[in-house]
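Asks: One file is attached below, protein.cif, containing mmCIF, C-alpha atoms.
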```cif
data_start
#
loop_
_atom_site.label_atom_id
_atom_site.label_comp_id
_atom_site.auth_asym_id
_atom_site.auth_seq_id
_atom_site.Cartn_x
_atom_site.Cartn_y
_atom_site.Cartn_z
CA MET A 1 0.00 0.00 0.00
CA ASN A 2 2.64 2.49 0.98
CA ASP A 3 6.22 2.37 2.15
CA ASP A 4 5.44 2.98 5.82
CA LEU A 5 7.63 1.13 8.27
CA ILE A 6 4.67 0.77 10.64
CA SER A 7 1.94 -1.57 9.46
CA PRO A 8 -1.73 -0.93 10.09
CA GLY A 9 -3.67 -3.34 12.27
CA HIS A 10 -2.14 -2.02 15.49
CA ARG A 11 -4.55 -1.59 18.40
CA THR A 12 -4.01 2.06 19.30
CA CYS A 13 -7.25 3.88 20.05
CA ALA A 14 -8.87 5.66 17.12
CA GLY A 15 -7.19 9.05 16.68
CA CYS A 16 -4.03 8.13 18.62
CA GLY A 17 -1.26 10.71 18.37
CA SER A 18 1.57 8.50 19.57
CA ILE A 19 1.56 6.12 16.63
CA LEU A 20 1.90 9.16 14.35
CA ALA A 21 5.06 10.13 16.22
CA ALA A 22 6.47 6.64 15.57
CA ARG A 23 5.43 6.74 11.93
CA HIS A 24 7.08 10.10 11.27
CA MET A 25 10.16 9.04 13.23
CA LEU A 26 10.65 6.00 10.96
CA LYS A 27 9.98 8.10 7.85
CA ALA A 28 12.96 10.20 8.86
CA THR A 29 15.31 7.38 9.92
CA GLY A 30 14.60 4.80 7.23
CA ARG A 31 15.36 1.10 7.78
CA ASP A 32 18.87 1.40 9.17
CA VAL A 33 17.74 1.77 12.75
CA ILE A 34 17.23 -0.24 15.94
CA ILE A 35 14.41 0.82 18.23
CA CYS A 36 14.54 0.04 21.96
CA GLU A 37 11.09 0.84 23.23
CA SER A 38 10.06 1.00 26.84
CA THR A 39 6.73 -0.30 28.09
CA GLY A 40 3.85 2.01 27.36
CA CYS A 41 0.80 2.61 25.24
CA LEU A 42 2.58 2.25 21.96
CA GLU A 43 4.52 -0.86 22.93
CA VAL A 44 1.39 -2.65 24.13
CA THR A 45 -0.71 -1.72 21.12
CA SER A 46 1.81 -2.17 18.33
CA THR A 47 3.34 -5.50 19.34
CA GLN A 48 0.65 -7.81 20.63
CA TYR A 49 2.32 -11.20 20.51
CA PRO A 50 2.66 -12.95 18.09
CA LEU A 51 2.09 -9.97 15.81
CA THR A 52 3.99 -6.75 15.34
CA SER A 53 3.45 -3.55 13.41
CA TRP A 54 7.13 -2.67 13.23
CA LYS A 55 9.17 -3.42 10.13
CA VAL A 56 12.49 -2.45 11.66
CA PRO A 57 14.54 -4.21 14.38
CA TRP A 58 12.69 -3.49 17.58
CA ILE A 59 13.09 -4.67 21.15
CA HIS A 60 10.70 -4.30 24.04
CA VAL A 61 12.41 -3.05 27.17
CA LEU A 62 11.13 -2.35 30.67
CA PHE A 63 10.04 1.09 31.79
CA GLU A 64 13.28 1.61 33.67
CA ASN A 65 15.93 0.74 31.16
CA ALA A 66 15.05 1.43 27.54
CA VAL A 67 17.95 3.87 27.42
CA SER A 68 20.38 1.44 29.10
CA VAL A 69 19.53 -1.27 26.56
CA ALA A 70 19.97 1.23 23.73
CA VAL A 71 23.42 2.08 25.06
CA GLY A 72 24.26 -1.64 25.14
CA VAL A 73 22.98 -2.18 21.60
CA LYS A 74 25.13 0.72 20.45
CA ALA A 75 28.18 -0.79 22.18
CA ALA A 76 27.52 -4.14 20.47
CA LEU A 77 27.26 -2.44 17.07
CA TRP A 78 30.48 -0.59 17.77
CA ALA A 79 32.21 -3.91 18.58
CA GLN A 80 31.06 -5.19 15.20
CA GLY A 81 32.48 -2.15 13.49
CA ASN A 82 29.01 -0.88 12.56
CA GLU A 83 28.94 2.90 12.77
CA HIS A 84 25.99 3.65 10.53
CA THR A 85 23.01 2.09 12.32
CA GLN A 86 21.06 4.54 14.44
CA VAL A 87 20.03 3.32 17.88
CA ILE A 88 16.94 4.98 19.28
CA ALA A 89 15.56 4.67 22.79
CA PHE A 90 11.87 5.37 22.31
CA GLY A 91 9.41 5.71 25.14
CA GLY A 92 6.43 7.55 26.50
CA ASP A 93 6.56 10.22 29.14
CA GLY A 94 6.15 7.53 31.80
CA GLY A 95 9.15 5.60 30.52
CA ILE A 96 11.49 8.50 29.78
CA VAL A 97 10.38 11.45 31.92
CA ASP A 98 9.64 9.49 35.12
CA ILE A 99 10.48 5.82 35.61
CA GLY A 100 13.38 5.50 33.20
CA PHE A 101 14.79 8.90 33.95
CA GLY A 102 17.85 7.63 35.84
CA ALA A 103 19.07 5.82 32.76
CA VAL A 104 18.32 8.89 30.62
CA SER A 105 20.44 11.03 32.90
CA GLY A 106 23.22 8.42 32.84
CA ALA A 107 23.36 8.25 29.05
CA LEU A 108 23.30 12.04 28.77
CA GLU A 109 26.09 12.39 31.28
CA ARG A 110 28.28 9.80 29.50
CA ASN A 111 27.26 11.28 26.14
CA ASP A 112 26.60 7.80 24.72
CA ASP A 113 25.97 7.86 21.00
CA ILE A 114 22.20 7.20 20.93
CA MET A 115 19.05 9.11 20.24
CA ILE A 116 16.39 9.38 22.94
CA ILE A 117 12.88 10.14 21.70
CA THR A 118 9.89 10.72 23.97
CA TYR A 119 6.30 10.60 22.78
CA ASP A 120 4.58 12.73 25.35
CA ASN A 121 0.87 12.08 25.91
CA GLU A 122 1.13 13.78 29.31
CA ALA A 123 -0.08 10.87 31.47
CA TYR A 124 0.21 7.15 32.11
CA ALA A 125 -2.36 6.54 29.43
CA ASN A 126 -1.96 2.78 29.07
CA THR A 127 -3.02 2.09 32.65
CA GLY A 128 -5.97 4.45 32.50
CA ILE A 129 -4.64 8.02 32.74
CA GLN A 130 -2.70 8.61 35.92
CA ARG A 131 -0.63 11.75 36.32
CA SER A 132 3.01 11.67 35.21
CA GLY A 133 5.83 14.18 35.55
CA ALA A 134 4.83 15.45 32.13
CA THR A 135 1.19 16.10 33.01
CA PRO A 136 0.55 19.86 32.80
CA PHE A 137 -0.60 22.10 35.65
CA GLY A 138 -4.32 21.93 36.33
CA ALA A 139 -5.00 18.69 34.45
CA SER A 140 -7.38 16.26 36.09
CA THR A 141 -6.24 12.63 35.99
CA GLY A 142 -6.93 9.44 37.93
CA THR A 143 -4.30 10.29 40.52
CA SER A 144 -4.67 14.08 40.39
CA PRO A 145 -8.45 14.40 40.39
CA HIS A 146 -10.14 17.77 40.62
CA GLY A 147 -12.73 18.49 43.27
CA LYS A 148 -13.58 20.86 46.09
CA VAL A 149 -10.03 21.18 47.36
CA SER A 150 -8.03 20.27 44.29
CA ILE A 151 -7.65 21.89 40.87
CA GLY A 152 -6.08 18.76 39.40
CA LYS A 153 -2.30 18.57 39.11
CA LYS A 154 -0.87 21.23 41.40
CA VAL A 155 2.63 21.52 39.96
CA TRP A 156 4.06 22.39 36.56
CA LYS A 157 5.20 20.00 33.86
CA LYS A 158 8.72 18.61 34.20
CA ASN A 159 10.93 20.22 31.58
CA VAL A 160 13.04 17.31 30.36
CA PRO A 161 14.45 19.01 27.23
CA MET A 162 16.05 21.65 29.47
CA ILE A 163 17.30 18.96 31.84
CA ALA A 164 18.94 17.31 28.83
CA VAL A 165 20.57 20.62 27.91
CA ALA A 166 21.82 20.97 31.47
CA HIS A 167 23.56 17.60 31.01
CA GLY A 168 25.41 19.13 28.08
CA ALA A 169 23.56 17.30 25.30
CA GLY A 170 24.73 18.33 21.85
CA TYR A 171 21.29 18.34 20.31
CA VAL A 172 17.94 18.83 22.02
CA ALA A 173 14.67 19.53 20.26
CA SER A 174 10.94 19.53 20.82
CA ALA A 175 8.48 18.63 18.10
CA SER A 176 4.78 18.10 17.50
CA ILE A 177 2.79 15.66 15.38
CA ALA A 178 0.88 18.61 13.96
CA TYR A 179 4.10 19.71 12.23
CA PRO A 180 5.35 16.47 10.64
CA LYS A 181 7.87 18.09 8.30
CA ASP A 182 9.50 19.92 11.20
CA LEU A 183 9.49 16.69 13.25
CA GLN A 184 11.16 14.70 10.49
CA ASP A 185 13.71 17.44 9.82
CA LYS A 186 14.68 17.48 13.48
CA ILE A 187 15.17 13.71 13.57
CA LYS A 188 17.23 13.82 10.36
CA LYS A 189 19.37 16.55 11.82
CA ALA A 190 19.82 14.61 15.06
CA MET A 191 20.98 11.61 13.01
CA SER A 192 23.89 13.63 11.65
CA ILE A 193 25.17 14.46 15.13
CA LYS A 194 27.25 12.24 17.45
CA GLY A 195 26.60 11.83 21.15
CA THR A 196 23.31 11.71 23.01
CA ARG A 197 20.52 13.53 21.26
CA TYR A 198 17.15 14.20 22.86
CA ILE A 199 13.85 14.86 21.06
CA HIS A 200 10.55 15.39 22.84
CA ILE A 201 7.37 14.94 20.77
CA HIS A 202 3.98 16.22 21.86
CA THR A 203 1.29 13.62 21.06
CA PRO A 204 -2.30 14.37 22.15
CA CYS A 205 -4.37 11.48 23.50
CA PRO A 206 -8.13 11.65 22.76
CA VAL A 207 -9.08 9.19 25.50
CA GLY A 208 -6.90 10.61 28.24
CA TRP A 209 -7.37 14.29 27.53
CA GLY A 210 -11.04 14.02 26.72
CA PHE A 211 -11.67 15.24 23.19
CA ASP A 212 -13.14 13.77 20.03
CA SER A 213 -10.77 11.48 18.12
CA SER A 214 -10.98 13.69 15.02
CA LYS A 215 -9.41 16.63 16.90
CA THR A 216 -5.99 15.08 17.65
CA ILE A 217 -4.07 17.17 15.13
CA GLU A 218 -6.15 20.29 15.80
CA ILE A 219 -5.31 20.05 19.53
CA ALA A 220 -1.62 19.44 18.82
CA ARG A 221 -1.57 22.50 16.57
CA LEU A 222 -3.44 24.61 19.11
CA ALA A 223 -0.91 23.65 21.78
CA VAL A 224 1.80 25.23 19.63
CA GLN A 225 -0.31 28.23 18.61
CA THR A 226 -1.22 29.05 22.21
CA GLY A 227 2.32 28.58 23.48
CA MET A 228 1.45 25.59 25.69
CA TRP A 229 3.97 23.61 23.67
CA ILE A 230 7.03 25.35 22.31
CA LEU A 231 8.90 24.05 19.27
CA PHE A 232 12.62 24.71 19.55
CA GLU A 233 16.02 23.38 18.76
CA ILE A 234 19.08 23.72 20.98
CA GLU A 235 22.39 22.87 19.40
CA ASP A 236 25.52 22.79 21.54
CA GLY A 237 23.67 24.73 24.20
CA LYS A 238 22.51 27.52 21.91
CA PHE A 239 19.01 28.29 20.76
CA LYS A 240 19.06 27.73 17.02
CA LYS A 241 15.50 27.91 15.97
CA MET A 242 12.32 28.61 17.79
CA PHE A 243 8.96 28.38 16.09
CA ARG A 244 7.12 31.59 16.80
CA PRO A 245 3.41 31.78 16.09
CA THR A 246 2.71 35.24 14.61
CA GLU A 247 0.38 35.90 17.51
CA LEU A 248 -0.04 33.72 20.57
CA MET A 249 -3.66 32.63 20.87
CA PRO A 250 -5.25 32.75 24.33
CA VAL A 251 -4.54 29.48 26.12
CA GLU A 252 -8.23 29.23 26.95
CA ASN A 253 -8.87 28.09 23.34
CA TYR A 254 -6.66 25.07 23.99
CA LEU A 255 -7.86 24.27 27.51
CA ARG A 256 -11.58 24.55 26.78
CA MET A 257 -11.40 21.80 24.15
CA GLN A 258 -10.34 19.17 26.67
CA LYS A 259 -12.24 17.44 29.43
CA ARG A 260 -9.19 17.23 31.68
CA PHE A 261 -9.18 21.06 31.96
CA GLU A 262 -12.97 21.46 31.99
CA HIS A 263 -13.11 22.28 35.73
CA LEU A 264 -10.59 25.15 35.60
CA LYS A 265 -11.96 28.52 36.69
CA GLU A 266 -11.04 31.83 35.14
CA GLU A 267 -8.43 32.66 37.76
CA GLU A 268 -6.73 29.28 37.25
CA ILE A 269 -6.65 29.78 33.51
CA LYS A 270 -5.08 33.17 34.18
CA ILE A 271 -2.33 31.48 36.20
CA ILE A 272 -1.56 29.25 33.20
CA GLN A 273 -1.72 32.20 30.77
CA ASP A 274 0.63 34.26 32.94
CA HIS A 275 3.02 31.33 33.15
CA ILE A 276 3.06 31.01 29.35
CA ASN A 277 3.61 34.76 28.86
CA GLN A 278 6.46 34.70 31.36
CA THR A 279 8.06 31.65 29.71
CA TRP A 280 7.97 33.27 26.28
CA LYS A 281 9.45 36.47 27.66
CA GLU A 282 12.30 34.57 29.29
CA LEU A 283 12.93 32.49 26.16
CA ASP A 284 12.97 35.64 24.02
CA ASN A 285 15.58 37.18 26.29
CA LEU A 286 17.56 33.96 26.28
CA GLU A 287 17.55 33.76 22.50
CA LYS A 288 18.52 37.40 22.07
CA SER A 289 21.32 37.20 24.59
CA GLY A 290 22.92 34.34 22.62
CA VAL A 291 24.06 32.83 25.88
CA ASN A 292 25.26 29.23 25.87
CA LEU A 293 22.89 27.30 28.11
CA ARG A 294 25.44 24.59 28.75
CA THR A 295 27.63 27.03 30.59
CA ILE A 296 24.91 28.50 32.79
CA LEU A 297 22.79 25.46 33.62
CA MET B 1 -5.29 -27.59 23.96
CA ARG B 2 -2.47 -25.46 22.66
CA LYS B 3 0.52 -25.64 24.95
CA LEU B 4 2.37 -22.45 25.75
CA GLY B 5 5.56 -22.45 23.78
CA ASP B 6 4.56 -24.80 20.97
CA ASP B 7 4.67 -22.12 18.34
CA MET B 8 6.81 -19.63 20.21
CA GLU B 9 10.25 -18.55 19.17
CA PRO B 10 12.85 -18.50 21.95
CA GLY B 11 12.74 -15.18 23.75
CA GLY B 12 9.39 -14.30 22.25
CA VAL B 13 11.02 -13.18 19.01
CA ILE B 14 8.55 -12.15 16.30
CA LYS B 15 10.03 -12.89 12.89
CA ASP B 16 7.04 -11.93 10.78
CA VAL B 17 7.54 -8.16 10.65
CA GLY B 18 4.55 -5.96 9.97
CA SER B 19 2.28 -8.93 10.72
CA SER B 20 -0.27 -6.81 12.58
CA ARG B 21 -1.73 -6.36 9.09
CA LYS B 22 -3.66 -9.57 9.79
CA VAL B 23 -5.83 -7.65 12.26
CA LYS B 24 -8.54 -5.83 10.36
CA THR B 25 -9.22 -2.88 12.65
CA GLY B 26 -11.86 -1.59 10.22
CA SER B 27 -14.44 -3.45 12.31
CA TRP B 28 -14.01 -0.80 15.05
CA ARG B 29 -15.49 1.89 12.87
CA ILE B 30 -18.64 3.75 13.87
CA PHE B 31 -18.31 6.61 11.39
CA LYS B 32 -16.88 6.17 7.94
CA PRO B 33 -14.88 8.81 6.04
CA ILE B 34 -15.88 9.15 2.40
CA VAL B 35 -13.70 11.00 -0.11
CA ILE B 36 -15.79 13.07 -2.51
CA ASP B 37 -14.99 14.18 -6.02
CA LYS B 38 -13.43 17.57 -5.28
CA CYS B 39 -10.40 15.94 -3.60
CA THR B 40 -7.21 17.39 -5.10
CA GLY B 41 -4.89 14.68 -3.79
CA CYS B 42 -2.84 17.13 -1.70
CA GLY B 43 -1.94 14.36 0.76
CA ILE B 44 -2.58 16.23 4.01
CA CYS B 45 -4.89 13.44 5.23
CA VAL B 46 -2.24 10.85 4.33
CA GLN B 47 0.33 12.31 6.69
CA PHE B 48 -2.13 12.73 9.56
CA CYS B 49 -3.78 9.28 9.39
CA PRO B 50 -2.75 7.32 12.51
CA GLU B 51 -3.37 4.01 10.73
CA GLY B 52 -1.47 5.02 7.61
CA CYS B 53 -4.38 3.63 5.64
CA ILE B 54 -4.99 6.51 3.24
CA MET B 55 -3.13 6.68 -0.05
CA ILE B 56 -3.27 8.82 -3.16
CA ASN B 57 -4.51 6.67 -6.03
CA GLU B 58 -3.84 6.86 -9.77
CA ASP B 59 -6.60 9.44 -10.25
CA ARG B 60 -4.76 11.68 -7.75
CA LYS B 61 -7.51 11.29 -5.16
CA ALA B 62 -7.26 10.11 -1.58
CA GLU B 63 -8.40 6.54 -1.09
CA VAL B 64 -9.18 5.02 2.31
CA ASP B 65 -8.40 1.37 3.05
CA TYR B 66 -11.54 0.38 4.98
CA ASP B 67 -9.93 -2.86 6.16
CA TYR B 68 -7.95 -0.79 8.68
CA CYS B 69 -9.68 2.61 9.03
CA LYS B 70 -10.89 2.91 12.64
CA GLY B 71 -13.03 5.91 11.82
CA CYS B 72 -11.24 8.49 13.96
CA LEU B 73 -12.11 11.11 11.30
CA ILE B 74 -8.89 13.12 11.67
CA CYS B 75 -8.90 13.20 7.84
CA VAL B 76 -12.36 14.81 7.81
CA ASN B 77 -11.24 17.40 10.36
CA GLU B 78 -7.94 18.23 8.63
CA CYS B 79 -8.98 18.32 4.96
CA PRO B 80 -8.53 22.00 3.97
CA ILE B 81 -11.25 21.90 1.30
CA LYS B 82 -13.71 19.59 3.08
CA ALA B 83 -13.38 16.90 0.44
CA ILE B 84 -13.92 14.10 2.96
CA LYS B 85 -17.37 13.58 4.41
CA SER B 86 -18.39 11.22 7.16
CA GLU B 87 -21.43 9.04 7.53
CA ARG B 88 -22.56 6.45 10.01
CA GLU B 89 -21.25 2.98 9.29
CA VAL B 90 -23.89 0.46 8.22
CA LYS B 91 -22.87 -3.07 9.04
#
```
Represent the supplied structure as structure tokens.
Replies:
Amino acid sequence: MNDDLISPGHRTCAGCGSILAARHMLKATGRDVIICESTGCLEVTSTQYPLTSWKVPWIHVLFENAVSVAVGVKAALWAQGNEHTQVIAFGGDGGIVDIGFGAVSGALERNDDIMIITYDNEAYANTGIQRSGATPFGASTGTSPHGKVSIGKKVWKKNVPMIAVAHGAGYVASASIAYPKDLQDKIKKAMSIKGTRYIHIHTPCPVGWGFDSSKTIEIARLAVQTGMWILFEIEDGKFKKMFRPTELMPVENYLRMQKRFEHLKEEEIKIIQDHINQTWKELDNLEKSGVNLRTIL
Amino acid sequence: MRKLGDDMEPGGVIKDVGSSRKVKTGSWRIFKPIVIDKCTGCGICVQFCPEGCIMINEDRKAEVDYDYCKGCLICVNECPIKAIKSEREVK
């Protein structure tokens, strides 16, 4: 049918954003790649034994150690004299941002020659939507429910791309499935660089976030247009490219489309809006100053 | 009764790559996307289809593979000229 390296017939929910991240990732890498994927939505749905959707070498790894296995695979390839095959540790926000984070930090610190890619659906979606470190402020989940005394998650999203920069990573980028060309370009660019490279992909989840399955791309695009998700590239500690919507839309447009933010009152939305405005201001200053983040973080 | 391990590869290795194709997820569908004549074959729906089951055919029109389409209707939502309609699936 087409030359996709992911076959249809996988059991992701209708309108899943994560499988699109995997599809675009493989479009960029081609066949010369080994994927080490941690447990998560995508692993469970795309490789139900004895079937698989993947047409590239792929290994299922635990939550904790997808990155460690990737480092080992890379070492084995090196021992064979193979320098061309890309090794990618691929995981959800549960696997990379939270549970497997120790191994991520280790690889970044050693600067092992692998690529780490996160598909971020902002919750433990596979087990029924519990909060993760990547869940945004104010979102209601199974373990951060909203109610009389709670507004949902009370703290801000963990900023793993910046943590990767602080480790001294040579290439760090964020991407979105609503901008597939940009996503593929970033992965291609990362392939040309040695050392640990980190890419964080925003992938909306219709079931977990509470919106109609047809809106997945619309929500992903809105996240970028409202500034909730910022597309950037940091090379050798310096901001290279930041996608700037001509005008930031009010974040309310994004929040009001999702059930997980339905309970937020005006003043809580204002807190989020102020946070976004402040972040953009800081990033603007950072970009203008041309400062090398690796030296200050 | 089938014994565990009879047809298993050591280590749970799956040799038949892309074999999930055997699962026809089209049976999940509640709404069905239908490409109408004004489609220009721009390919925007192709790149946003989570199943990867839309292709541009020889007539330069989008064509949905209903064996796999789960009916999420992202294509309907994203088509810039509204050339994909949806209707309730009749089974």
Asks: Using all atoms listed in the file for the distances, tell me which of A:His146, A:Arg11, A:Lys270, A:His167 is nearest to Val104 (chain A).
Replies: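 Smallest distance to Val104 (chain A) is found for A:His167.
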Asks: Could you please tell me, as a PyMOL selection string, which residues of chain B have an atom within 10 Å of chain A when using all atoms listed in the file?
Replies: chain B and resi 7-9+12-26+28-29+47-56+65+67-78
Asks: Distance CA of Arg197 (chain A)-CA of Ala70 (chain A), one decimal place?
Replies: 12.6 Å
Asks: Could you state which residues are captured by the PyMOL selection byres ((chain A and resi 255-262) around 12) in this file, as number ranges by chain?
Replies: A: 122-123, 129-131, 135-142, 144-147, 151-153, 204-213, 215-216, 218-220, 222-223, 226-228, 249-254, 263-266, 268-270, 272-273
Asks: I'd like the neighbourhood of Leu231 (chain A) as number ranges by chain, where a residue qualifies if any of its atoms comes within 12 Å (using only C-alpha atoms), though same-chain residues fewer than 6 positions away should be ignored.
Replies: A: 161, 172-179, 182-183, 186, 199-202, 220-221, 223-225, 239-245, 280, 283
Asks: Evaluated on this file, the PyMOL selection byres ((chain A and resi 162-164) around 10) picks out some residues - which ones are they, written as a PDB file with C-alpha atoms, in the coordinates of the input?
Replies:
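Saved the output as out05.pdb:
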```
ATOM      1  CA  VAL A 104      18.320   8.890  30.620  1.00  0.00           C
ATOM      2  CA  SER A 105      20.440  11.030  32.900  1.00  0.00           C
ATOM      3  CA  LEU A 108      23.300  12.040  28.770  1.00  0.00           C
ATOM      4  CA  GLU A 109      26.090  12.390  31.280  1.00  0.00           C
ATOM      5  CA  LYS A 158       8.720  18.610  34.200  1.00  0.00           C
ATOM      6  CA  ASN A 159      10.930  20.220  31.580  1.00  0.00           C
ATOM      7  CA  VAL A 160      13.040  17.310  30.360  1.00  0.00           C
ATOM      8  CA  PRO A 161      14.450  19.010  27.230  1.00  0.00           C
ATOM      9  CA  VAL A 165      20.570  20.620  27.910  1.00  0.00           C
ATOM     10  CA  ALA A 166      21.820  20.970  31.470  1.00  0.00           C
ATOM     11  CA  HIS A 167      23.560  17.600  31.010  1.00  0.00           C
ATOM     12  CA  GLY A 168      25.410  19.130  28.080  1.00  0.00           C
ATOM     13  CA  ALA A 169      23.560  17.300  25.300  1.00  0.00           C
ATOM     14  CA  GLY A 170      24.730  18.330  21.850  1.00  0.00           C
ATOM     15  CA  TYR A 171      21.290  18.340  20.310  1.00  0.00           C
ATOM     16  CA  VAL A 172      17.940  18.830  22.020  1.00  0.00           C
ATOM     17  CA  ALA A 173      14.670  19.530  20.260  1.00  0.00           C
ATOM     18  CA  THR A 196      23.310  11.710  23.010  1.00  0.00           C
ATOM     19  CA  ARG A 197      20.520  13.530  21.260  1.00  0.00           C
ATOM     20  CA  TYR A 198      17.150  14.200  22.860  1.00  0.00           C
ATOM     21  CA  ILE A 199      13.850  14.860  21.060  1.00  0.00           C
ATOM     22  CA  ILE A 234      19.080  23.720  20.980  1.00  0.00           C
ATOM     23  CA  GLY A 237      23.670  24.730  24.200  1.00  0.00           C
ATOM     24  CA  LEU A 293      22.890  27.300  28.110  1.00  0.00           C
ATOM     25  CA  ARG A 294      25.440  24.590  28.750  1.00  0.00           C
ATOM     26  CA  LEU A 297      22.790  25.460  33.620  1.00  0.00           C
TER      27      LEU A 297
END
```
Asks: For the PyMOL selection byres ((chain B and resi 57) around 12), applied here, can you spell out every residue it catches as a list of chain:residue names?
Replies: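 Taken on the displayed file, the PyMOL selection byres ((chain B and resi 57) around 12) yields the residues A:Met1, A:Asn2, B:Val35, B:Cys39, B:Thr40, B:Gly41, B:Cys42, B:Gly43, B:Val46, B:Ile54, B:Met55, B:Ile56, B:Glu58, B:Asp59, B:Arg60, B:Lys61, B:Ala62, B:Glu63, B:Val64, B:Asp65.
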Asks: Using C-alpha atoms, can you write the selected residues to a file as a JSON list (two decimals), keeping the file's coordinate frame?
Replies:
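Result saved to again.json:
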```
[["chain", "number", "residue", "atom", "x", "y", "z"],
["A", 1, "MET", "CA", 0.00, 0.00, 0.00],
["A", 2, "ASN", "CA", 2.64, 2.49, 0.98],
["B", 35, "VAL", "CA", -13.70, 11.00, -0.11],
["B", 39, "CYS", "CA", -10.40, 15.94, -3.60],
["B", 40, "THR", "CA", -7.21, 17.39, -5.10],
["B", 41, "GLY", "CA", -4.89, 14.68, -3.79],
["B", 42, "CYS", "CA", -2.84, 17.13, -1.70],
["B", 43, "GLY", "CA", -1.94, 14.36, 0.76],
["B", 46, "VAL", "CA", -2.24, 10.85, 4.33],
["B", 54, "ILE", "CA", -4.99, 6.51, 3.24],
["B", 55, "MET", "CA", -3.13, 6.68, -0.05],
["B", 56, "ILE", "CA", -3.27, 8.82, -3.16],
["B", 58, "GLU", "CA", -3.84, 6.86, -9.77],
["B", 59, "ASP", "CA", -6.60, 9.44, -10.25],
["B", 60, "ARG", "CA", -4.76, 11.68, -7.75],
["B", 61, "LYS", "CA", -7.51, 11.29, -5.16],
["B", 62, "ALA", "CA", -7.26, 10.11, -1.58],
["B", 63, "GLU", "CA", -8.40, 6.54, -1.09],
["B", 64, "VAL", "CA", -9.18, 5.02, 2.31],
["B", 65, "ASP", "CA", -8.40, 1.37, 3.05]]
```
Asks: Calculate how many Å separate CA of Thr246 (chain A) from CA of Asn121 (chain A), rounding to one decimal.
Replies: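 If I compute the distance from CA of Thr246 (chain A) to CA of Asn121 (chain A), I get 25.8 Å.
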Asks: To one decimal place, how far is CA of Lys154 (chain A) from CA of Asn126 (chain A) in Å?
Replies: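 Interatomic distance, CA of Lys154 (chain A) to CA of Asn126 (chain A): 22.2 Å.
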